[in-house]
There are 2 protein chains.
Amino acid sequence: MAKIPYRFYLSEDQMPKQWYNLRADMKEQPDPLLNPGTLKPIKEEELYPIFCKELAHQEMDCKTRYFDIPEEIQEMYKIYRPSPLIRAYNLEKELGTPAKIYYKFEGNNTSGSHKLNSAIAQAYYAKKQGLTSLTTETGAGQWGTALSEACAYFNIPLTVYMVKCSFEQKPYRKAVMQTFDADVIPSPSDTTEVGRKILAENPGTTGSLGCAISEAVEKATTTEGCRYVLGSVLNQVLLHQSIIGLEAKKAMEILGEYPDVVVGCAGGGSNLGGLIAPFMRDKIVDGNKVRIVAVEPASCPSFTRGKYAYDFCDTGKVTPMAKMYTLGSSFIPSANHAGGLRYHGMSPILSKLYHDGLMEAVSYEQTKVFEAAKLFARVETILPAPESSHAIKGAIDEALKCKKTGEEKTILFGLTGTGYFDMSAYSAFHEGRMNDYIPTDEELQASFDKLPKVEL
Amino acid sequence: MAKIPYRFYLSEDQMPKQWYNLRADMKEQPDPLLNPGTLKPIKEEELYPIFCKELAHQEMDCKTRYFDIPEEIQEMYKIYRPSPLIRAYNLEKELGTPAKIYYKFEGNNTSGSHKLNSAIAQAYYAKKQGLTSLTTETGAGQWGTALSEACAYFNIPLTVYMVKCSFEQKPYRKAVMQTFDADVIPSPSDTTEVGRKILAENPGTTGSLGCAISEAVEKATTTEGCRYVLGSVLNQVLLHQSIIGLEAKKAMEILGEYPDVVVGCAGGGSNLGGLIAPFMRDKIVDGNKVRIVAVEPASCPSFTRGKYAYDFCDTGKVTPMAKMYTLGSSFIPSANHAGGLRYHGMSPILSKLYHDGLMEAVSYEQTKVFEAAKLFARVETILPAPESSHAIKGAIDEALKCKKTGEEKTILFGLTGTGYFDMSAYSAFHEGRMNDYIPTDEELQASFDKLPKVEL
């Protein structure tokens, strides 16, 4: 067989035309979302004031195995997809490992990450339903950028509540969103009741993601024809992101490969859930032995040190409650934590899989993650986002295990995005200003103590 | 025939294995470089103290039509190349033009631009000759980033003199270079005699490209085993960049296409020279009717308002003299000019072709360029660099001409890079802080008056 190329792209006609809904193949379903008022399982209709109807349906549907990707979404996917499957020959050589390392690179689009895959779907369905505007929140800015790009394309106005400290510290992120005509508002703001209340209580606040979510949801639910959209955690997001795994699996099939280990970084789970979906299917349905490894930051260790419990999805406690691995919605990672993946909870689907022993999880301190990022950038010539670099570190460690044992395993990892807008974190790393604070057991316990007392 | 895909990638085995040297097919050669001391045509050996031998040879060789791309360079090209040839279906639709628009996108690598194509070659030949370090200068930072990436890959230490105001205003650019282990020094600095002299005279200076070049050249010529490298203007750079045009032409051939018009932005000429090389060959050798259009900023209009004359390649007057279209080496574009392409001169090869009537040139004011960039970003979902956006504007205007005449022309343009690190310019555009100052005839005349009085 010919040598496997560095970069492999599916042709347009090989691109997936359906998303894959992993829930349809799970032997046990994740516990249902709860209405925070009634503590009863939420019904699809109850989601309509927040999400557009098709997305509410996708959120609740555990049975439909494949969803057709609408033609209009396929067309926009074709502008920046397929993303390449890259054989990391240079990284293998640098490590001296017998392992074969592949990565699926999702950063080759202007938003710089995989978030665009779901942003496009969410903007499209909103437009199709005749909605006239959308709102969202953004912290670091990846999701806000992706959604701005999608909304500009489908011509639907977007308001982004951006955590005030990010708004001030990341003017370039803001400028990218503005280039795509998004209305970017520093949160807390005087455009919502909750924002005005917080400002009155604490005029100097630099904001929080919880507050930005609350403002975005208020704006959506009080504005005619407006809905709220979210870039991670949700089942619908994992569904859209399955495009990553489907493309990766198909590309590997064509190259005559199949992974022994699949590694992804884990924040809210959007990338990981999308990447692993078809491989997890093979494991569940066909009894395949593929290992699935989630990599998370030691400073925000939902899987490795969190509780599997019902919790709020947002710190503002305005959204439905989900059963998931969580550090508690009051948990806030150390300000020194530069590597993204700051979310307190985890996708309910992934949480259930982890709980059922179908996947593993590891955590790393950030200095080790940036060391891996720097090594990777030098030999593979892609500057990775700090989030993605967790997966790099995980894959490197798997490859080094192979070096010890001599096993010629095939490793696939997800490289979710580029680090262009994270250079302040890289600067902190270069200048030795990064520290590896991890939460103490006492801190976590204090947060767990505030978890809502809910069991079905 | 099947519909042409949005993105088309050559396979690895279709990638060019040779660079094309357009000079070998030019009916008249550009006038020779002159030694600034003797005013005599420079000999290859005289370049050895500045450039490594193979690059000095490539600089002087007008006869070798094709240069083999060394295996090691091909291997690094394969990590990020081939770059996609993209059919701008959405832009066509937005403009309502019957024209078919294609663009060759060179921004899909961490350095964010086409500059990497030559950086890799220059770092490789330096390493092969046994040199132990390199120096360069960088203004906006694209070249410095690309060279840092290449030097890290080939493991050769690099010092980058970065114009002090950019060093301070673009900390992220600096951080990217540092991630690739470059030693980034704000210029003027106390590491060179010329730097110390300038600092003594003017301690508060924010530096200039001319000063940074002078420091880089001094460092190279006074350090054992060190050489200076440059990212544009030079013949060797155009040779390496021919990979862009060769890939584009091959991809179009496979798709059954050939351009009626090729459009590129013009600063020093590295992208334009590379993109047009094989098409210009067809025009010269086969009498093909393809039009070649250079697009430059109205604020730095070398082709459209410059003189065809001998001039220094740098404002510090330390480099050989070249016959080229120039605004005079003392010309400095308005500080309001945000769009890159600030170089006073132009590649001698392109200057000769323009002088001989083989290509056209147009200029645009920057507000129009950013309007085109914004439109393009919305429909094509790539955020373009300001430099590249000149080509977008040029291509759009060609397409609009077709709309008027009803002609179904095929337009190819070069999209050289992404705008991630140029968001301050985009912010200025959004906030109405951009102005379109263009030099007056008097200003240009004052600069022309200082041109060296040299004729062969």
# chains A, B, ... in the order shown; residues from 1 in each chain; ligands from 1
>>> interface_residues(of="chain B", to="chain A", cutoff="8 Å", atoms="only C-alpha atoms", output="VMD selection string")
chain B and resid 5 to 7 9 12 78 to 80 108 to 110 149 152 to 153 172 175 to 176 178 to 180 374 377 to 383 420 to 421 423 to 424 426 to 427 430
>>> residues_around(residues="A:Pro439", least_positions_apart="4", cutoff="7 Å", atoms="only C-alpha atoms", output="mmCIF file with N, CA, C and O atoms, in the first residue's frame")
data_model
loop_
_atom_site.group_PDB
_atom_site.id
_atom_site.type_symbol
_atom_site.label_atom_id
_atom_site.label_comp_id
_atom_site.auth_asym_id
_atom_site.auth_seq_id
_atom_site.Cartn_x
_atom_site.Cartn_y
_atom_site.Cartn_z
ATOM 1 N N SER A 299 -7.143 21.663 36.974
ATOM 2 C CA SER A 299 -7.741 22.780 37.702
ATOM 3 C C SER A 299 -9.264 22.806 37.578
ATOM 4 O O SER A 299 -9.920 23.579 38.271
ATOM 5 N N GLU A 443 -12.145 22.712 48.965
ATOM 6 C CA GLU A 443 -12.832 23.612 48.028
ATOM 7 C C GLU A 443 -13.921 22.876 47.255
ATOM 8 O O GLU A 443 -15.034 23.379 47.092
ATOM 9 N N LEU A 444 -13.564 21.692 46.751
ATOM 10 C CA LEU A 444 -14.555 20.938 45.984
ATOM 11 C C LEU A 444 -15.728 20.551 46.875
ATOM 12 O O LEU A 444 -16.886 20.665 46.483
#
>>> residues_around(residues="stretch 305-309 of chain A", least_positions_apart="4", cutoff="10 Å", atoms="only C-alpha atoms", output="ChimeraX atom specification")
/A:31,298,300-301,321-328,344-346,348,351-352,354-355,363,439,441,444-445,448,451-455
>>> select_by_dssp(residues="stretch 217-391 of chain B", states="helix (DSSP H, G or I)", output="VMD selection string")
chain B and resid 217 to 222 235 to 254 270 to 286 302 to 305 348 to 355 366 to 380 386 to 391
>>> residues_around(residues="A:Leu239", least_positions_apart="6", cutoff="12 Å", atoms="only C-alpha atoms", output="MDAnalysis selection string")
chainID A and resid 18:24 55 57:62 64:69 117:118 121:122 231:233 245:246 269:278 347 349
>>> select_by_dssp(residues="stretch 247-369 of chain A", states="strand (DSSP E)", output="list in words")
Val261, Val262, Val263, Gly264, Cys265, Arg291, Ile292, Val293, Ala294, Val295, Glu296, Pro297, Lys307, Tyr308, Ala309, Tyr310, Asp311, Phe312, Met321, Ala322, Lys323, Met324, Tyr325, Thr326, Glu360, Ala361, Val362, Ser363 and Tyr364 of chain A
>>> write_last_selection(atoms="N, CA, C and O atoms", output="short mmCIF file (atom, residue, chain, number, x, y, z; two decimals), in the first residue's frame")
data_model
loop_
_atom_site.label_atom_id
_atom_site.label_comp_id
_atom_site.auth_asym_id
_atom_site.auth_seq_id
_atom_site.Cartn_x
_atom_site.Cartn_y
_atom_site.Cartn_z
N VAL A 261 -6.99 3.75 20.25
CA VAL A 261 -7.31 4.71 21.30
C VAL A 261 -7.79 6.00 20.63
O VAL A 261 -7.19 6.46 19.67
N VAL A 262 -8.87 6.59 21.17
CA VAL A 262 -9.33 7.90 20.71
C VAL A 262 -9.23 8.86 21.89
O VAL A 262 -9.74 8.56 22.97
N VAL A 263 -8.55 10.00 21.67
CA VAL A 263 -8.28 10.93 22.76
C VAL A 263 -8.88 12.30 22.42
O VAL A 263 -8.68 12.80 21.31
N GLY A 264 -9.60 12.88 23.35
CA GLY A 264 -10.14 14.22 23.11
C GLY A 264 -10.12 15.04 24.38
O GLY A 264 -10.13 14.49 25.48
N CYS A 265 -10.06 16.36 24.22
CA CYS A 265 -10.13 17.21 25.40
C CYS A 265 -11.59 17.36 25.82
O CYS A 265 -12.49 17.26 25.00
N ARG A 291 -10.35 2.10 22.95
CA ARG A 291 -10.37 2.84 24.21
C ARG A 291 -10.69 4.31 23.91
O ARG A 291 -10.23 4.87 22.93
N ILE A 292 -11.48 4.93 24.79
CA ILE A 292 -11.84 6.34 24.62
C ILE A 292 -11.32 7.08 25.85
O ILE A 292 -11.66 6.71 26.98
N VAL A 293 -10.49 8.10 25.61
CA VAL A 293 -9.87 8.80 26.73
C VAL A 293 -10.22 10.29 26.70
O VAL A 293 -9.92 10.98 25.73
N ALA A 294 -10.84 10.77 27.77
CA ALA A 294 -11.11 12.21 27.92
C ALA A 294 -9.97 12.84 28.69
O ALA A 294 -9.51 12.29 29.68
N VAL A 295 -9.53 14.01 28.23
CA VAL A 295 -8.45 14.70 28.93
C VAL A 295 -8.96 16.04 29.42
O VAL A 295 -9.50 16.84 28.64
N GLU A 296 -8.79 16.28 30.71
CA GLU A 296 -9.30 17.53 31.27
C GLU A 296 -8.22 18.22 32.09
O GLU A 296 -7.24 17.60 32.48
N PRO A 297 -8.40 19.52 32.36
CA PRO A 297 -7.41 20.22 33.17
C PRO A 297 -7.54 19.83 34.65
O PRO A 297 -8.65 19.66 35.14
N LYS A 307 -18.71 15.02 40.95
CA LYS A 307 -19.77 14.10 41.39
C LYS A 307 -20.73 13.87 40.23
O LYS A 307 -20.97 14.76 39.43
N TYR A 308 -21.29 12.67 40.16
CA TYR A 308 -22.32 12.38 39.15
C TYR A 308 -23.66 12.68 39.81
O TYR A 308 -24.17 11.88 40.61
N ALA A 309 -24.21 13.83 39.52
CA ALA A 309 -25.39 14.30 40.24
C ALA A 309 -26.18 15.29 39.39
O ALA A 309 -25.66 15.84 38.41
N TYR A 310 -27.42 15.54 39.78
CA TYR A 310 -28.19 16.59 39.13
C TYR A 310 -27.63 17.96 39.53
O TYR A 310 -27.31 18.18 40.71
N ASP A 311 -27.50 18.82 38.54
CA ASP A 311 -26.99 20.17 38.83
C ASP A 311 -27.54 21.13 37.76
O ASP A 311 -28.06 20.70 36.73
N PHE A 312 -27.39 22.40 38.05
CA PHE A 312 -27.74 23.41 37.06
C PHE A 312 -26.64 23.49 36.00
O PHE A 312 -25.46 23.31 36.31
N MET A 321 -32.12 21.47 34.75
CA MET A 321 -31.11 20.73 35.50
C MET A 321 -30.76 19.44 34.77
O MET A 321 -31.63 18.81 34.17
N ALA A 322 -29.48 19.06 34.84
CA ALA A 322 -29.03 17.87 34.13
C ALA A 322 -28.26 16.97 35.10
O ALA A 322 -27.56 17.46 35.98
N LYS A 323 -28.39 15.68 34.87
CA LYS A 323 -27.57 14.71 35.63
C LYS A 323 -26.24 14.59 34.91
O LYS A 323 -26.19 14.21 33.73
N MET A 324 -25.17 14.93 35.60
CA MET A 324 -23.88 14.97 34.92
C MET A 324 -22.74 14.94 35.94
O MET A 324 -22.97 15.13 37.14
N TYR A 325 -21.54 14.72 35.46
CA TYR A 325 -20.38 14.92 36.32
C TYR A 325 -20.20 16.42 36.48
O TYR A 325 -20.15 17.16 35.51
N THR A 326 -20.14 16.84 37.74
CA THR A 326 -20.09 18.28 37.98
C THR A 326 -19.23 18.59 39.19
O THR A 326 -19.11 17.77 40.12
N GLU A 360 -12.56 6.45 29.63
CA GLU A 360 -11.64 6.77 30.72
C GLU A 360 -11.45 8.29 30.76
O GLU A 360 -11.81 8.99 29.83
N ALA A 361 -10.84 8.78 31.83
CA ALA A 361 -10.52 10.21 31.89
C ALA A 361 -9.21 10.40 32.63
O ALA A 361 -8.89 9.66 33.56
N VAL A 362 -8.44 11.37 32.17
CA VAL A 362 -7.20 11.76 32.86
C VAL A 362 -7.18 13.27 32.96
O VAL A 362 -7.88 13.97 32.22
N SER A 363 -6.38 13.79 33.89
CA SER A 363 -6.25 15.25 34.00
C SER A 363 -4.78 15.63 34.04
O SER A 363 -3.94 14.84 34.47
N TYR A 364 -4.49 16.83 33.54
CA TYR A 364 -3.12 17.33 33.54
C TYR A 364 -3.06 18.76 34.05
O TYR A 364 -3.99 19.54 33.82
#
>>> residues_around(residues="stretch 164-168 of chain B", least_positions_apart="6", cutoff="8 Å", atoms="only C-alpha atoms", output="ChimeraX atom specification")
/B:139-141,174,186-188,206-208
>>> residues_around(residues="A:Gly406", least_positions_apart="4", cutoff="8 Å", atoms="only C-alpha atoms", output="number ranges by chain")
A: 97-98, 402
>>> residues_around(residues="A:Gly96", least_positions_apart="2", cutoff="10 Å", atoms="only C-alpha atoms", output="list in words")
Asn90, Leu91, Glu92, Lys93, Glu94, Pro98, Ala99, Ala399, Leu400, Cys402 and Lys403 of chain A
